[in-house]
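J.: So that you have it, the file is coords_20.pdb, and it contains PDB, C-alpha atoms:
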```
ATOM      1  CA  MET A  10      19.561 -24.084  -5.073
ATOM      2  CA  LYS A  11      15.875 -24.099  -5.886
ATOM      3  CA  ASP A  12      14.995 -22.827  -2.407
ATOM      4  CA  ILE A  13      17.501 -19.983  -2.709
ATOM      5  CA  LEU A  14      16.044 -19.024  -6.106
ATOM      6  CA  LEU A  15      12.545 -19.223  -4.661
ATOM      7  CA  ILE A  16      13.507 -16.799  -1.926
ATOM      8  CA  PHE A  17      15.579 -14.350  -3.917
ATOM      9  CA  ILE A  18      13.952 -13.939  -7.305
ATOM     10  CA  PRO A  19      10.489 -12.809  -6.100
ATOM     11  CA  THR A  20      12.129 -10.622  -3.452
ATOM     12  CA  LEU A  21      14.392  -8.938  -5.967
ATOM     13  CA  THR A  22      11.436  -8.498  -8.313
ATOM     14  CA  LEU A  23       9.426  -6.737  -5.642
ATOM     15  CA  VAL A  24      11.836  -4.667  -3.571
ATOM     16  CA  PRO A  25      13.012  -2.008  -6.094
ATOM     17  CA  PRO A  26       9.474  -1.193  -7.300
ATOM     18  CA  ALA A  27       8.287  -1.005  -3.688
ATOM     19  CA  VAL A  28      11.062   1.478  -2.836
ATOM     20  CA  ALA A  29      10.326   3.570  -5.924
ATOM     21  CA  ALA A  30       6.593   3.528  -5.255
ATOM     22  CA  SER A  31       7.039   4.552  -1.640
ATOM     23  CA  LEU A  32       9.105   7.535  -2.779
ATOM     24  CA  ALA A  33       6.421   8.471  -5.312
ATOM     25  CA  MET A  34       3.667   8.063  -2.730
ATOM     26  CA  ARG A  35       5.596  10.229  -0.269
ATOM     27  CA  LYS A  36       5.614  12.999  -2.838
ATOM     28  CA  ILE A  37       1.915  12.553  -3.655
ATOM     29  CA  SER A  38       0.716  12.468  -0.057
ATOM     30  CA  SER A  39       2.879  15.347   1.176
ATOM     31  CA  THR A  40       1.803  17.561  -1.710
ATOM     32  CA  ALA A  41      -1.854  16.611  -1.256
ATOM     33  CA  LEU A  42      -1.731  17.296   2.486
ATOM     34  CA  GLU A  43      -0.098  20.640   1.823
ATOM     35  CA  GLY A  44      -2.862  21.527  -0.605
ATOM     36  CA  MET A  45      -5.536  20.364   1.808
ATOM     37  CA  THR A  46      -4.208  22.495   4.664
ATOM     38  CA  ARG A  47      -3.842  25.508   2.393
ATOM     39  CA  GLN A  48      -7.335  25.173   0.939
ATOM     40  CA  PRO A  49      -9.583  23.143   3.262
ATOM     41  CA  GLU A  50     -12.648  24.042   1.176
ATOM     42  CA  ILE A  51     -11.554  21.805  -1.726
ATOM     43  CA  ALA A  52      -9.984  19.154   0.534
ATOM     44  CA  ASN A  53     -12.494  16.538  -0.672
ATOM     45  CA  GLN A  54     -11.586  17.011  -4.330
ATOM     46  CA  ILE A  55      -7.879  16.887  -3.510
ATOM     47  CA  PHE A  56      -8.383  13.709  -1.482
ATOM     48  CA  THR A  57     -10.168  11.999  -4.381
ATOM     49  CA  SER A  58      -7.457  12.987  -6.842
ATOM     50  CA  MET A  59      -4.845  11.796  -4.348
ATOM     51  CA  LEU A  60      -6.528   8.389  -4.132
ATOM     52  CA  VAL A  61      -6.578   8.039  -7.918
ATOM     53  CA  SER A  62      -2.930   9.042  -8.344
ATOM     54  CA  MET A  63      -1.887   6.715  -5.535
ATOM     55  CA  ALA A  64      -3.785   3.900  -7.241
ATOM     56  CA  LEU A  65      -1.939   4.593 -10.487
ATOM     57  CA  VAL A  66       1.433   4.398  -8.699
ATOM     58  CA  GLU A  67       0.379   1.324  -6.767
ATOM     59  CA  ALA A  68      -0.681  -0.465  -9.949
ATOM     60  CA  LEU A  69       2.945  -0.582 -11.127
ATOM     61  CA  VAL A  70       4.007  -2.362  -7.929
ATOM     62  CA  ILE A  71       1.106  -4.751  -8.353
ATOM     63  CA  TYR A  72       2.250  -5.647 -11.877
ATOM     64  CA  CYS A  73       5.591  -6.542 -10.292
ATOM     65  CA  LEU A  74       3.794  -8.553  -7.594
ATOM     66  CA  VAL A  75       1.968 -10.504 -10.296
ATOM     67  CA  VAL A  76       5.244 -11.131 -12.135
ATOM     68  CA  ALA A  77       6.849 -12.237  -8.869
ATOM     69  CA  LEU A  78       3.984 -14.635  -8.179
ATOM     70  CA  MET A  79       4.239 -16.056 -11.703
ATOM     71  CA  VAL A  80       8.008 -16.501 -11.335
ATOM     72  CA  ALA A  81       7.549 -18.156  -7.943
ATOM     73  CA  ALA A  82       5.009 -20.529  -9.465
ATOM     74  CA  LYS A  83       7.397 -21.410 -12.310
ATOM     75  CA  ILE A  84      10.479 -22.211 -10.199
TER      76      ILE A  84
ATOM     77  CA  MET B   9      -4.512 -21.296   0.285
ATOM     78  CA  SER B  10      -4.309 -24.982   1.203
ATOM     79  CA  GLY B  11      -4.767 -27.764  -1.329
ATOM     80  CA  SER B  12      -8.407 -28.411  -0.601
ATOM     81  CA  ILE B  13      -9.266 -24.758  -1.175
ATOM     82  CA  GLN B  14      -7.264 -24.621  -4.414
ATOM     83  CA  LEU B  15      -9.366 -27.499  -5.739
ATOM     84  CA  HIS B  16     -12.669 -25.741  -5.215
ATOM     85  CA  LEU B  17     -11.451 -22.240  -6.002
ATOM     86  CA  ARG B  18     -13.810 -21.637  -8.917
ATOM     87  CA  ASP B  19     -16.787 -22.792  -6.893
ATOM     88  CA  VAL B  20     -15.823 -20.557  -3.974
ATOM     89  CA  VAL B  21     -15.521 -17.498  -6.227
ATOM     90  CA  ILE B  22     -18.917 -18.173  -7.809
ATOM     91  CA  LEU B  23     -20.591 -19.030  -4.492
ATOM     92  CA  ASN B  24     -19.323 -15.940  -2.701
ATOM     93  CA  SER B  25     -20.204 -13.672  -5.632
ATOM     94  CA  LEU B  26     -23.731 -15.077  -5.474
ATOM     95  CA  VAL B  27     -23.845 -14.478  -1.720
ATOM     96  CA  VAL B  28     -22.749 -10.865  -2.252
ATOM     97  CA  ALA B  29     -25.379 -10.386  -4.958
ATOM     98  CA  LEU B  30     -28.123 -11.859  -2.773
ATOM     99  CA  VAL B  31     -27.164  -9.705   0.204
ATOM    100  CA  LEU B  32     -27.194  -6.594  -1.977
ATOM    101  CA  LEU B  33     -30.593  -7.520  -3.431
ATOM    102  CA  ALA B  34     -31.956  -8.045   0.082
ATOM    103  CA  LEU B  35     -30.552  -4.682   1.238
ATOM    104  CA  ALA B  36     -32.073  -2.928  -1.772
ATOM    105  CA  LYS B  37     -35.424  -4.589  -1.059
ATOM    106  CA  ILE B  38     -35.258  -3.511   2.601
ATOM    107  CA  ALA B  39     -34.326   0.055   1.672
ATOM    108  CA  THR B  40     -37.324   0.414  -0.667
ATOM    109  CA  LEU B  41     -39.782  -1.656   1.368
ATOM    110  CA  ARG B  42     -41.815   1.275   2.599
ATOM    111  CA  PRO B  43     -43.085   3.853   0.103
ATOM    112  CA  LEU B  44     -40.444   6.539  -0.497
ATOM    113  CA  LYS B  45     -41.000   9.837   1.284
ATOM    114  CA  GLU B  46     -40.232  13.416   0.375
ATOM    115  CA  LEU B  47     -38.377  13.925   3.659
ATOM    116  CA  PRO B  48     -36.245  10.769   4.097
ATOM    117  CA  ASP B  49     -35.741   9.138   7.477
ATOM    118  CA  GLY B  50     -34.180   5.943   8.795
ATOM    119  CA  VAL B  51     -33.259   3.392   6.143
ATOM    120  CA  GLN B  52     -34.208   5.631   3.244
ATOM    121  CA  ASN B  53     -31.883   8.320   4.602
ATOM    122  CA  ALA B  54     -28.953   5.896   4.674
ATOM    123  CA  ALA B  55     -29.702   4.651   1.146
ATOM    124  CA  GLU B  56     -29.925   8.194  -0.217
ATOM    125  CA  LEU B  57     -26.661   9.071   1.527
ATOM    126  CA  VAL B  58     -24.954   6.164  -0.289
ATOM    127  CA  LEU B  59     -26.479   7.062  -3.640
ATOM    128  CA  ASP B  60     -25.764  10.789  -3.401
ATOM    129  CA  TRP B  61     -22.026  10.522  -4.094
ATOM    130  CA  PHE B  62     -22.620   8.480  -7.253
ATOM    131  CA  VAL B  63     -25.275  10.890  -8.478
ATOM    132  CA  GLN B  64     -22.753  13.720  -8.084
ATOM    133  CA  GLN B  65     -20.121  11.745 -10.019
ATOM    134  CA  ALA B  66     -22.617  10.905 -12.761
ATOM    135  CA  ARG B  67     -23.753  14.518 -12.994
ATOM    136  CA  ARG B  68     -20.162  15.563 -13.488
ATOM    137  CA  ILE B  69     -19.632  12.995 -16.264
ATOM    138  CA  HIS B  70     -22.836  13.495 -18.240
ATOM    139  CA  PRO B  71     -25.664  15.655 -16.855
ATOM    140  CA  ARG B  72     -28.343  14.005 -18.997
ATOM    141  CA  GLY B  73     -27.351  10.395 -18.333
ATOM    142  CA  VAL B  74     -27.505  10.387 -14.535
ATOM    143  CA  ARG B  75     -30.201   7.712 -14.407
ATOM    144  CA  THR B  76     -28.015   5.361 -16.458
ATOM    145  CA  ILE B  77     -24.593   6.139 -15.026
ATOM    146  CA  ALA B  78     -25.257   6.451 -11.280
ATOM    147  CA  PRO B  79     -26.720   2.920 -10.793
ATOM    148  CA  PHE B  80     -23.851   1.461 -12.861
ATOM    149  CA  LEU B  81     -21.165   3.080 -10.696
ATOM    150  CA  ALA B  82     -23.060   2.417  -7.455
ATOM    151  CA  SER B  83     -23.558  -1.287  -8.121
ATOM    152  CA  LEU B  84     -19.889  -1.755  -9.058
ATOM    153  CA  PHE B  85     -18.870   0.019  -5.845
ATOM    154  CA  LEU B  86     -21.230  -1.926  -3.588
ATOM    155  CA  VAL B  87     -20.372  -5.319  -5.108
ATOM    156  CA  ILE B  88     -16.629  -4.736  -4.704
ATOM    157  CA  LEU B  89     -16.980  -3.297  -1.187
ATOM    158  CA  LEU B  90     -19.099  -6.191   0.035
ATOM    159  CA  SER B  91     -16.830  -8.772  -1.635
ATOM    160  CA  ASN B  92     -13.781  -7.279   0.057
ATOM    161  CA  LEU B  93     -15.485  -7.120   3.435
ATOM    162  CA  LEU B  94     -16.263 -10.863   3.247
ATOM    163  CA  ALA B  95     -12.628 -11.394   4.327
ATOM    164  CA  PHE B  96     -13.538 -10.184   7.821
ATOM    165  CA  LEU B  97     -16.304 -12.726   8.428
ATOM    166  CA  PRO B  98     -15.389 -15.550  10.834
ATOM    167  CA  PHE B  99     -16.916 -18.367   8.702
ATOM    168  CA  PRO B 100     -14.782 -21.045   6.974
ATOM    169  CA  VAL B 101     -15.722 -20.833   3.264
ATOM    170  CA  LEU B 102     -17.551 -17.526   3.261
ATOM    171  CA  ARG B 103     -14.462 -15.641   4.492
ATOM    172  CA  ILE B 104     -12.710 -15.957   1.108
ATOM    173  CA  PRO B 105     -13.421 -12.766  -0.852
ATOM    174  CA  PRO B 106     -14.196 -13.438  -4.546
ATOM    175  CA  THR B 107     -12.003 -10.448  -5.426
ATOM    176  CA  ALA B 108      -8.918 -12.208  -4.010
ATOM    177  CA  TYR B 109      -8.648 -14.540  -7.039
ATOM    178  CA  TYR B 110      -8.073 -13.267 -10.520
ATOM    179  CA  SER B 111     -11.358 -14.446 -12.051
ATOM    180  CA  GLY B 112     -13.448 -12.178  -9.810
ATOM    181  CA  PRO B 113     -11.639  -8.881 -10.542
ATOM    182  CA  LEU B 114     -11.324  -9.782 -14.241
ATOM    183  CA  GLY B 115     -15.089 -10.217 -14.483
ATOM    184  CA  LEU B 116     -15.703  -6.920 -12.698
ATOM    185  CA  ALA B 117     -13.214  -5.060 -14.909
ATOM    186  CA  LEU B 118     -14.771  -6.523 -18.070
ATOM    187  CA  VAL B 119     -18.182  -5.388 -16.832
ATOM    188  CA  ALA B 120     -16.776  -1.922 -16.125
ATOM    189  CA  VAL B 121     -15.083  -1.422 -19.506
ATOM    190  CA  LEU B 122     -17.740  -3.089 -21.698
ATOM    191  CA  GLY B 123     -20.481  -1.426 -19.640
ATOM    192  CA  SER B 124     -18.953   1.999 -20.231
ATOM    193  CA  LEU B 125     -18.928   1.234 -23.982
ATOM    194  CA  VAL B 126     -22.583   0.186 -23.838
ATOM    195  CA  ILE B 127     -23.561   3.283 -21.839
ATOM    196  CA  SER B 128     -21.742   5.584 -24.240
ATOM    197  CA  ALA B 129     -23.484   3.815 -27.152
ATOM    198  CA  ARG B 130     -26.862   4.256 -25.448
ATOM    199  CA  LEU B 131     -26.337   7.929 -24.673
ATOM    200  CA  ARG B 132     -24.787   8.999 -27.976
ATOM    201  CA  GLY B 133     -25.933   6.364 -30.463
ATOM    202  CA  ILE B 134     -24.008   3.264 -31.535
ATOM    203  CA  GLY B 135     -21.886   4.916 -34.237
ATOM    204  CA  ALA B 136     -20.742   7.831 -32.102
ATOM    205  CA  GLY B 137     -20.297   5.582 -29.075
ATOM    206  CA  LEU B 138     -17.968   3.189 -30.851
ATOM    207  CA  ARG B 139     -16.181   5.866 -32.856
ATOM    208  CA  HIS B 140     -13.977   6.901 -29.937
ATOM    209  CA  LEU B 141     -12.335   3.469 -30.073
ATOM    210  CA  VAL B 142     -10.682   4.239 -33.423
ATOM    211  CA  TRP B 143     -10.870   8.019 -33.674
ATOM    212  CA  PRO B 144      -8.659  10.127 -33.510
ATOM    213  CA  ASN B 145      -6.177   7.323 -32.861
ATOM    214  CA  PRO B 146      -6.763   3.597 -33.521
ATOM    215  CA  LEU B 147      -4.440   2.737 -30.636
ATOM    216  CA  GLN B 148      -7.269   3.662 -28.268
ATOM    217  CA  LEU B 149      -8.506   0.122 -28.815
ATOM    218  CA  VAL B 150      -5.331  -1.062 -27.080
ATOM    219  CA  SER B 151      -5.832   1.454 -24.289
ATOM    220  CA  GLU B 152      -9.313   0.040 -23.712
ATOM    221  CA  LEU B 153      -7.789  -3.445 -23.335
ATOM    222  CA  SER B 154      -5.134  -2.131 -20.965
ATOM    223  CA  HIS B 155      -7.862  -0.448 -18.906
ATOM    224  CA  THR B 156      -9.379  -3.881 -18.344
ATOM    225  CA  LEU B 157      -5.999  -5.331 -17.415
ATOM    226  CA  SER B 158      -5.008  -2.527 -15.058
ATOM    227  CA  LEU B 159      -8.395  -2.326 -13.312
ATOM    228  CA  SER B 160      -8.513  -6.063 -12.689
ATOM    229  CA  LEU B 161      -4.859  -6.429 -11.683
ATOM    230  CA  ARG B 162      -5.086  -3.496  -9.272
ATOM    231  CA  LEU B 163      -8.065  -4.957  -7.447
ATOM    232  CA  TYR B 164      -6.631  -8.487  -7.480
ATOM    233  CA  GLY B 165      -3.191  -7.367  -6.294
ATOM    234  CA  ASN B 166      -4.543  -5.363  -3.403
ATOM    235  CA  ILE B 167      -7.025  -7.865  -2.032
ATOM    236  CA  GLY B 168      -5.243 -11.084  -3.048
ATOM    237  CA  GLY B 169      -1.865  -9.736  -1.957
ATOM    238  CA  GLU B 170      -3.354  -8.840   1.400
ATOM    239  CA  LEU B 171      -4.711 -12.377   1.752
ATOM    240  CA  ILE B 172      -1.314 -13.889   0.834
ATOM    241  CA  VAL B 173       0.516 -11.651   3.323
ATOM    242  CA  ALA B 174      -1.973 -12.517   6.069
ATOM    243  CA  THR B 175      -1.551 -16.244   5.338
ATOM    244  CA  LEU B 176       2.258 -16.018   5.354
ATOM    245  CA  VAL B 177       2.293 -14.038   8.614
ATOM    246  CA  ALA B 178      -0.123 -16.499  10.208
ATOM    247  CA  GLN B 179       2.248 -19.338   9.295
ATOM    248  CA  VAL B 180       5.186 -17.610  11.022
ATOM    249  CA  VAL B 181       3.373 -16.158  14.075
ATOM    250  CA  PRO B 182       0.009 -17.849  14.603
ATOM    251  CA  TYR B 183      -1.215 -15.620  17.458
ATOM    252  CA  GLY B 184      -1.685 -11.878  17.852
ATOM    253  CA  ILE B 185       0.167 -10.423  14.867
ATOM    254  CA  PRO B 186      -2.271 -11.773  12.182
ATOM    255  CA  LEU B 187      -4.985  -9.716  13.869
ATOM    256  CA  ILE B 188      -3.011  -6.521  13.227
ATOM    257  CA  VAL B 189      -2.299  -7.512   9.614
ATOM    258  CA  HIS B 190      -5.959  -8.302   9.114
ATOM    259  CA  ALA B 191      -7.039  -4.992  10.645
ATOM    260  CA  LEU B 192      -4.659  -3.139   8.306
ATOM    261  CA  GLY B 193      -6.361  -4.993   5.466
ATOM    262  CA  LEU B 194      -9.483  -2.929   6.149
ATOM    263  CA  ILE B 195      -7.832   0.064   4.490
ATOM    264  CA  PRO B 196      -7.416  -1.419   0.971
ATOM    265  CA  ALA B 197     -10.757  -3.193   1.366
ATOM    266  CA  VAL B 198     -12.517   0.164   1.660
ATOM    267  CA  VAL B 199     -10.251   2.279  -0.561
ATOM    268  CA  GLN B 200     -10.147  -0.098  -3.543
ATOM    269  CA  PRO B 201     -13.888   0.115  -4.364
ATOM    270  CA  VAL B 202     -13.568   3.923  -4.373
ATOM    271  CA  VAL B 203     -10.552   3.761  -6.675
ATOM    272  CA  PHE B 204     -12.200   1.224  -8.980
ATOM    273  CA  THR B 205     -15.346   3.338  -9.244
ATOM    274  CA  LEU B 206     -13.395   6.546  -9.872
ATOM    275  CA  LEU B 207     -11.299   4.927 -12.600
ATOM    276  CA  THR B 208     -14.421   3.424 -14.174
ATOM    277  CA  ALA B 209     -15.925   6.918 -14.125
ATOM    278  CA  ASN B 210     -12.759   8.097 -15.883
ATOM    279  CA  VAL B 211     -13.077   5.393 -18.555
ATOM    280  CA  LEU B 212     -16.731   6.327 -18.977
ATOM    281  CA  ALA B 213     -15.896  10.027 -19.286
ATOM    282  CA  THR B 214     -13.281   9.193 -21.938
ATOM    283  CA  ALA B 215     -15.824   7.074 -23.797
ATOM    284  CA  LEU B 216     -18.381   9.878 -23.679
ATOM    285  CA  HIS B 217     -16.153  12.862 -24.383
ATOM    286  CA  GLY B 218     -12.958  11.294 -25.733
ATOM    287  CA  ASP B 219     -13.160  12.662 -29.277
ATOM    288  CA  GLY B 220     -13.815  16.197 -28.091
ATOM    289  CA  GLU B 221     -17.430  16.357 -29.274
ATOM    290  CA  ASP B 222     -20.543  16.903 -27.188
ATOM    291  CA  ARG B 223     -18.667  18.727 -24.479
ATOM    292  CA  ARG B 224     -19.653  22.010 -22.979
ATOM    293  CA  PRO B 225     -17.280  24.184 -20.924
ATOM    294  CA  SER B 226     -19.326  23.483 -17.777
ATOM    295  CA  GLU B 227     -18.546  19.767 -18.048
ATOM    296  CA  ARG B 228     -14.834  20.260 -18.458
ATOM    297  CA  SER B 229     -14.041  19.742 -14.769
ATOM    298  CA  ALA B 230     -14.929  16.026 -15.037
TER     299      ALA B 230
END
```
Write out the structure in this file as structure tokens.

T.:
Amino acid sequence: MKDILLIFIPTLTLVPPAVAASLAMRKISSTALEGMTRQPEIANQIFTSMLVSMALVEALVIYCLVVALMVAAKI
Amino acid sequence: MSGSIQLHLRDVVILNSLVVALVLLALAKIATLRPLKELPDGVQNAAELVLDWFVQQARRIHPRGVRTIAPFLASLFLVILLSNLLAFLPFPVLRIPPTAYYSGPLGLALVAVLGSLVISARLRGIGAGLRHLVWPNPLQLVSELSHTLSLSLRLYGNIGGELIVATLVAQVVPYGIPLIVHALGLIPAVVQPVVFTLLTANVLATALHGDGEDRRPSERSA
């Protein structure tokens, strides 16, 4: 029972946020690439903003990763 | 992640941070060994190339405080970059990056947030520098705390998570595949310092201009 919990609880904590974040990142990267190809002269600025927004999205998944690690340590 | 490493975790974090600091000091000494020239070449050229990006960032945040802000951002960036790149060294203890355990990133994030408070106090005076914590909204104190938490957790999750994934993969398939996972780890190792520095610059800009004072239209793009 403990092994099953150990497998499933961290997985279920991580998978939905990962799916949501990948959808959000798809939107961010496709929009940023579109902007970069339309206006190559400000591509650097767009790339920097893209990195920051991706980091903000990614942070939410990392909170879930930390929670998953804490849960896995508790079981 | 074996038992013996867990035991000496604190020592490894401290040791590797010291190694990173010493390497950076040595690099800085090498870069400024010869007298600086008007037309840079060789090592000086490389050093100026590294510094240029931070000077641009600092100029965008606060045109008069470049000499205070640029070294702050640059040293954060270089320390994090070098710590992350330790993971790619083939030596037993040295290959554990200090940013892969929570104490390392937490220390760096505390330095970033408290340092931005100190810089804003130095550039605008103590009263005005600390006023943005409680004015116009006292909840900004909480936001400052959450900045620390989010900066440190982001760095820790990226680098530590990468290390955990690499360890787990190496347990399942010991040959070949871990190399690919490790090579993919280069991406967060290089991107995370950039992100950390940019977000610190954001925190600093909020600390300097947060209450809407002391801001000219030319600085508004920051």

J.: Enumerate, as JSON, numbers by chain, the residues matched when the ChimeraX specification (/B :<8) & /A is run on the file above.

T.: {"A": [60, 61, 64, 67, 68, 71, 72, 74, 75]}

J.: Next, the residues of the selection above should be written as a PDB file, in the frame of the given file with C-alpha atoms.

T.:
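File written: again_4.pdb
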```
ATOM      1  CA  LEU A  60      -6.528   8.389  -4.132  1.00  0.00           C
ATOM      2  CA  VAL A  61      -6.578   8.039  -7.918  1.00  0.00           C
ATOM      3  CA  ALA A  64      -3.785   3.900  -7.241  1.00  0.00           C
ATOM      4  CA  GLU A  67       0.379   1.324  -6.767  1.00  0.00           C
ATOM      5  CA  ALA A  68      -0.681  -0.465  -9.949  1.00  0.00           C
ATOM      6  CA  ILE A  71       1.106  -4.751  -8.353  1.00  0.00           C
ATOM      7  CA  TYR A  72       2.250  -5.647 -11.877  1.00  0.00           C
ATOM      8  CA  LEU A  74       3.794  -8.553  -7.594  1.00  0.00           C
ATOM      9  CA  VAL A  75       1.968 -10.504 -10.296  1.00  0.00           C
TER      10      VAL A  75
END
```

J.: Can you turn the PyMOL selection byres ((chain A and resi 15) around 12) into a concrete residue list for this file, as a PyMOL selection string?

T.: chain A and resi 10-14+16-22+77-84

J.: Which is closer to Phe56 in chain A than all the others in A:Leu23, A:Ile37, A:Leu69, A:Ala29, using only C-alpha atoms?

T.: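 Of A:Leu23, A:Ile37, A:Leu69, A:Ala29, the one nearest Phe56 in chain A, counting only C-alpha atoms, is A:Ile37.
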
J.: Report, in Å to a single decimal, how far apart CA of Leu125 in chain B and CA of Leu138 in chain B are.

T.: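 So the answer is 7.2 Å.
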
J.: What does the structure give for the distance between CA of Met34 in chain A and CA of Thr57 in chain A, in Å to one decimal?

T.: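 One can read the CA of Met34 in chain A to CA of Thr57 in chain A distance as 14.5 Å.
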
J.: Between CA of Phe85 in chain B and CA of Pro113 in chain B, what is the distance in Å, rounded to a tenth?

T.: 12.4 Å

J.: Please, can range 145-156 of chain B be completed to N, CA and C atoms and returned as a PDB file, keeping the file's coordinate frame?

T.:
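So part15.pdb came out as:
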```pdb
ATOM      1  N   ASN B 145      -7.373   8.167 -32.786  1.00  0.00           N
ATOM      2  CA  ASN B 145      -6.177   7.323 -32.861  1.00  0.00           C
ATOM      3  C   ASN B 145      -6.611   5.871 -32.692  1.00  0.00           C
ATOM      4  N   PRO B 146      -6.318   4.985 -33.641  1.00  0.00           N
ATOM      5  CA  PRO B 146      -6.763   3.597 -33.521  1.00  0.00           C
ATOM      6  C   PRO B 146      -6.176   2.865 -32.320  1.00  0.00           C
ATOM      7  N   LEU B 147      -5.065   3.403 -31.785  1.00  0.00           N
ATOM      8  CA  LEU B 147      -4.440   2.737 -30.636  1.00  0.00           C
ATOM      9  C   LEU B 147      -5.299   2.810 -29.383  1.00  0.00           C
ATOM     10  N   GLN B 148      -6.394   3.585 -29.436  1.00  0.00           N
ATOM     11  CA  GLN B 148      -7.269   3.662 -28.268  1.00  0.00           C
ATOM     12  C   GLN B 148      -7.948   2.333 -27.987  1.00  0.00           C
ATOM     13  N   LEU B 149      -7.998   1.480 -29.013  1.00  0.00           N
ATOM     14  CA  LEU B 149      -8.506   0.122 -28.815  1.00  0.00           C
ATOM     15  C   LEU B 149      -7.616  -0.624 -27.816  1.00  0.00           C
ATOM     16  N   VAL B 150      -6.285  -0.437 -27.999  1.00  0.00           N
ATOM     17  CA  VAL B 150      -5.331  -1.062 -27.080  1.00  0.00           C
ATOM     18  C   VAL B 150      -5.490  -0.490 -25.687  1.00  0.00           C
ATOM     19  N   SER B 151      -5.708   0.829 -25.613  1.00  0.00           N
ATOM     20  CA  SER B 151      -5.832   1.454 -24.289  1.00  0.00           C
ATOM     21  C   SER B 151      -7.061   0.912 -23.556  1.00  0.00           C
ATOM     22  N   GLU B 152      -8.116   0.602 -24.331  1.00  0.00           N
ATOM     23  CA  GLU B 152      -9.313   0.040 -23.712  1.00  0.00           C
ATOM     24  C   GLU B 152      -8.999  -1.336 -23.112  1.00  0.00           C
ATOM     25  N   LEU B 153      -8.207  -2.134 -23.854  1.00  0.00           N
ATOM     26  CA  LEU B 153      -7.789  -3.445 -23.335  1.00  0.00           C
ATOM     27  C   LEU B 153      -6.939  -3.276 -22.078  1.00  0.00           C
ATOM     28  N   SER B 154      -6.026  -2.298 -22.125  1.00  0.00           N
ATOM     29  CA  SER B 154      -5.134  -2.131 -20.965  1.00  0.00           C
ATOM     30  C   SER B 154      -5.897  -1.582 -19.763  1.00  0.00           C
ATOM     31  N   HIS B 155      -7.006  -0.855 -20.019  1.00  0.00           N
ATOM     32  CA  HIS B 155      -7.862  -0.448 -18.906  1.00  0.00           C
ATOM     33  C   HIS B 155      -8.387  -1.676 -18.175  1.00  0.00           C
ATOM     34  N   THR B 156      -8.868  -2.657 -18.953  1.00  0.00           N
ATOM     35  CA  THR B 156      -9.379  -3.881 -18.344  1.00  0.00           C
ATOM     36  C   THR B 156      -8.303  -4.534 -17.498  1.00  0.00           C
TER      37      THR B 156
END
```
